[in-house]
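Undergrad: Handing you a structure now.
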Amino acid sequence: MALPWLESLPVFGATPSAFPKRFGVIFMGNGVNEDHWGSEGNGADMKLSKTLSVLEPIKHKINVIDGLFNKAATGQGIHPAQTGSLLTGAQITKGAIIHSGVSVDQMIARSTIGQETALPSIVLACEQPMTGYHETNFSMAYSSHISWQSPESPVPVEVYPSLAFDNLFENRGSLRNISILDRIKDRAESMGRTVSSPDKAKLDEYLTSVREVEKRVETMRKSKEAAEEKAKMYSKAAFTMDRPANGMPEDLRDHARLMCDIIAMAFQTDKTRVATLLISRDLSAMYYPFLEVTQGHHGASHNNNSDGYERISRFHVSQLAYLAAKLDSMPEGNGTVLDNSCLMFLSELWIGRLHDNSKLPLVLAGGLGGTLETGRTLNYYKDGDDNRKMCSLYLGIMDRMGLKLPRFGDAEIRLARL
């Protein structure tokens, strides 16, 4: 079990540049309600739209970016090509084997950044990928993935919180039945007697938060096991059944928050520095009864300027707000884990009813170790196609993380004014 940063154990040092930099992606399928998206002004004067209002408490640590797009995904049909190439900038090609490119998160994960942690990256989702192939509409499976480990292979997503938690804490076999805190109790008590009082309080708070997540995971583990037993009766695989019969959390709010908690712990303890969370895929059938929306996500996006779809959009942004606030509550030197991270919220579309991806909704949170100025509204829409490529943004982020490439996807220049 890894520990958070403690001043009594100066592993990284005390300057911002000494702490590890983290990169995270949160994805929402099908775009947003364009009537309620955006911001104006900078710093304390920044005014956030209705959908982005959930970011108000941390607006000084975000950047709202307008006008960037993925040129390779324009004119390529809808959904699979737009989603599959979102983080790669590569054009998806038709054929028996679909080709995209290596995504920005996996480029970072395969660099020295990923080699320095137990897990190069974690790729999570709150919805099962689609399966099947349709020659005229690409592969439905590829419309469910944004993280690619090679041009032919997306990274498999983990949708079960219990398995994601087990992977983080190396729970195997019978260890799943023993609390992680019971396994390290003696060592934790010994350490608590040797560190400073502030570190002792921080350690107690950290262990308490782990136990709270562990309790929620235990409940979901039992649901998953029950689903697997029931699926055997019908000679099916549990994951092929509908939620919650597949053992996934019935309430998306619980599911998304728990996945965010797992990412937060992974970043705090330096288990990994790269994480991707797909909350809803583009052809999503996700329902939101708690938002009083009767249509599934994909269907609702065809009326994306409705009040209902605005609530869906705001719900997704609230997951960014939750994760960012959680990271910002974790001290690290003179700053926080969020100050040493860059979280990126985005979608493959701008306007769902038009399948318009001429620009993409995009928010960054975190200062990436002091290399990224925050509290800004940045508009690139009038800068011309060559200066508003998503891949130029990716190059800029990778530069700040120490990975300097001559080009990535369709871009050779870094994003100006970033």
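How things are named: the first chain in the structure tokens is A, the next is B, and so on; residues count from 1 in each chain; ligands count from 1 in the order shown.
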Would you mind listing, for every residue of range 290-383 of chain A within 12 Å of range 143-167 of chain A, the two atoms forming the shortest contact and the distance between them in Å to one decimal, using only C-alpha atoms, sorted by chain and ascending residue number, as a Markdown table?

TA:
| residue | atom | partner | partner_atom | distance |
| --- | --- | --- | --- | --- |
| A:Leu346 | CA | A:Ile146 | CA | 10.9 |
| A:Ser347 | CA | A:Ile146 | CA | 10.2 |
| A:Glu348 | CA | A:Ile146 | CA | 9.5 |

Undergrad: Identify, on the basis of only C-alpha atoms, every residue whose closest approach to range 101-107 of chain A does not exceed 9 Å; exclude the query and any residue fewer than 3 positions from it along the same chain; express the result as a ChimeraX atom specification.

TA: /A:23-25,84-92,110-111,114,120-121,146-155,274-276,391,394-395,398,403,408-409

Undergrad: Please, what distance in Å, to one decimal, runs between CA of Ile113 in chain A and CA of Phe69 in chain A?

TA: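 These atoms are spaced 26.8 Å apart.
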
Undergrad: From the options A:Ile413, A:Cys342, A:Leu124, A:Leu252, which residue's atoms come nearest to Lys61 in chain A, counting only C-alpha atoms?

TA: A:Cys342

Undergrad: What does the structure give for the distance between CA of Gly247 in chain A and CA of Leu175 in chain A, in Å to one decimal?

TA: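 Separation between CA of Gly247 in chain A and CA of Leu175 in chain A: 20.8 Å.
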
Undergrad: Might you pull out every residue within 6 Å of range 277-291 of chain A, with only C-alpha atoms counted and same-chain residues fewer than 4 positions away left off, and present them as a ChimeraX atom specification?

TA: /A:26-30,124-126,144,296-298

Undergrad: Can those selected residues be exported to a file as a tab-separated table (two decimals), in the first residue's frame so that it contains C-alpha atoms?

TA:
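Writing done, so here's part_35.tsv:
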chain	number	residue	atom	x	y	z
A	26	ILE	CA	-12.48	12.49	-18.29
A	27	PHE	CA	-14.64	11.79	-21.35
A	28	MET	CA	-18.31	12.45	-22.01
A	29	GLY	CA	-19.86	11.16	-25.21
A	30	ASN	CA	-22.00	13.13	-27.69
A	124	LEU	CA	-11.53	3.10	-16.39
A	125	ALA	CA	-15.10	3.36	-17.67
A	126	CYS	CA	-18.61	3.54	-16.27
A	144	SER	CA	-16.27	2.95	-27.14
A	296	GLY	CA	-31.00	7.35	-23.06
A	297	HIS	CA	-27.83	9.43	-23.42
A	298	HIS	CA	-27.41	9.01	-27.18
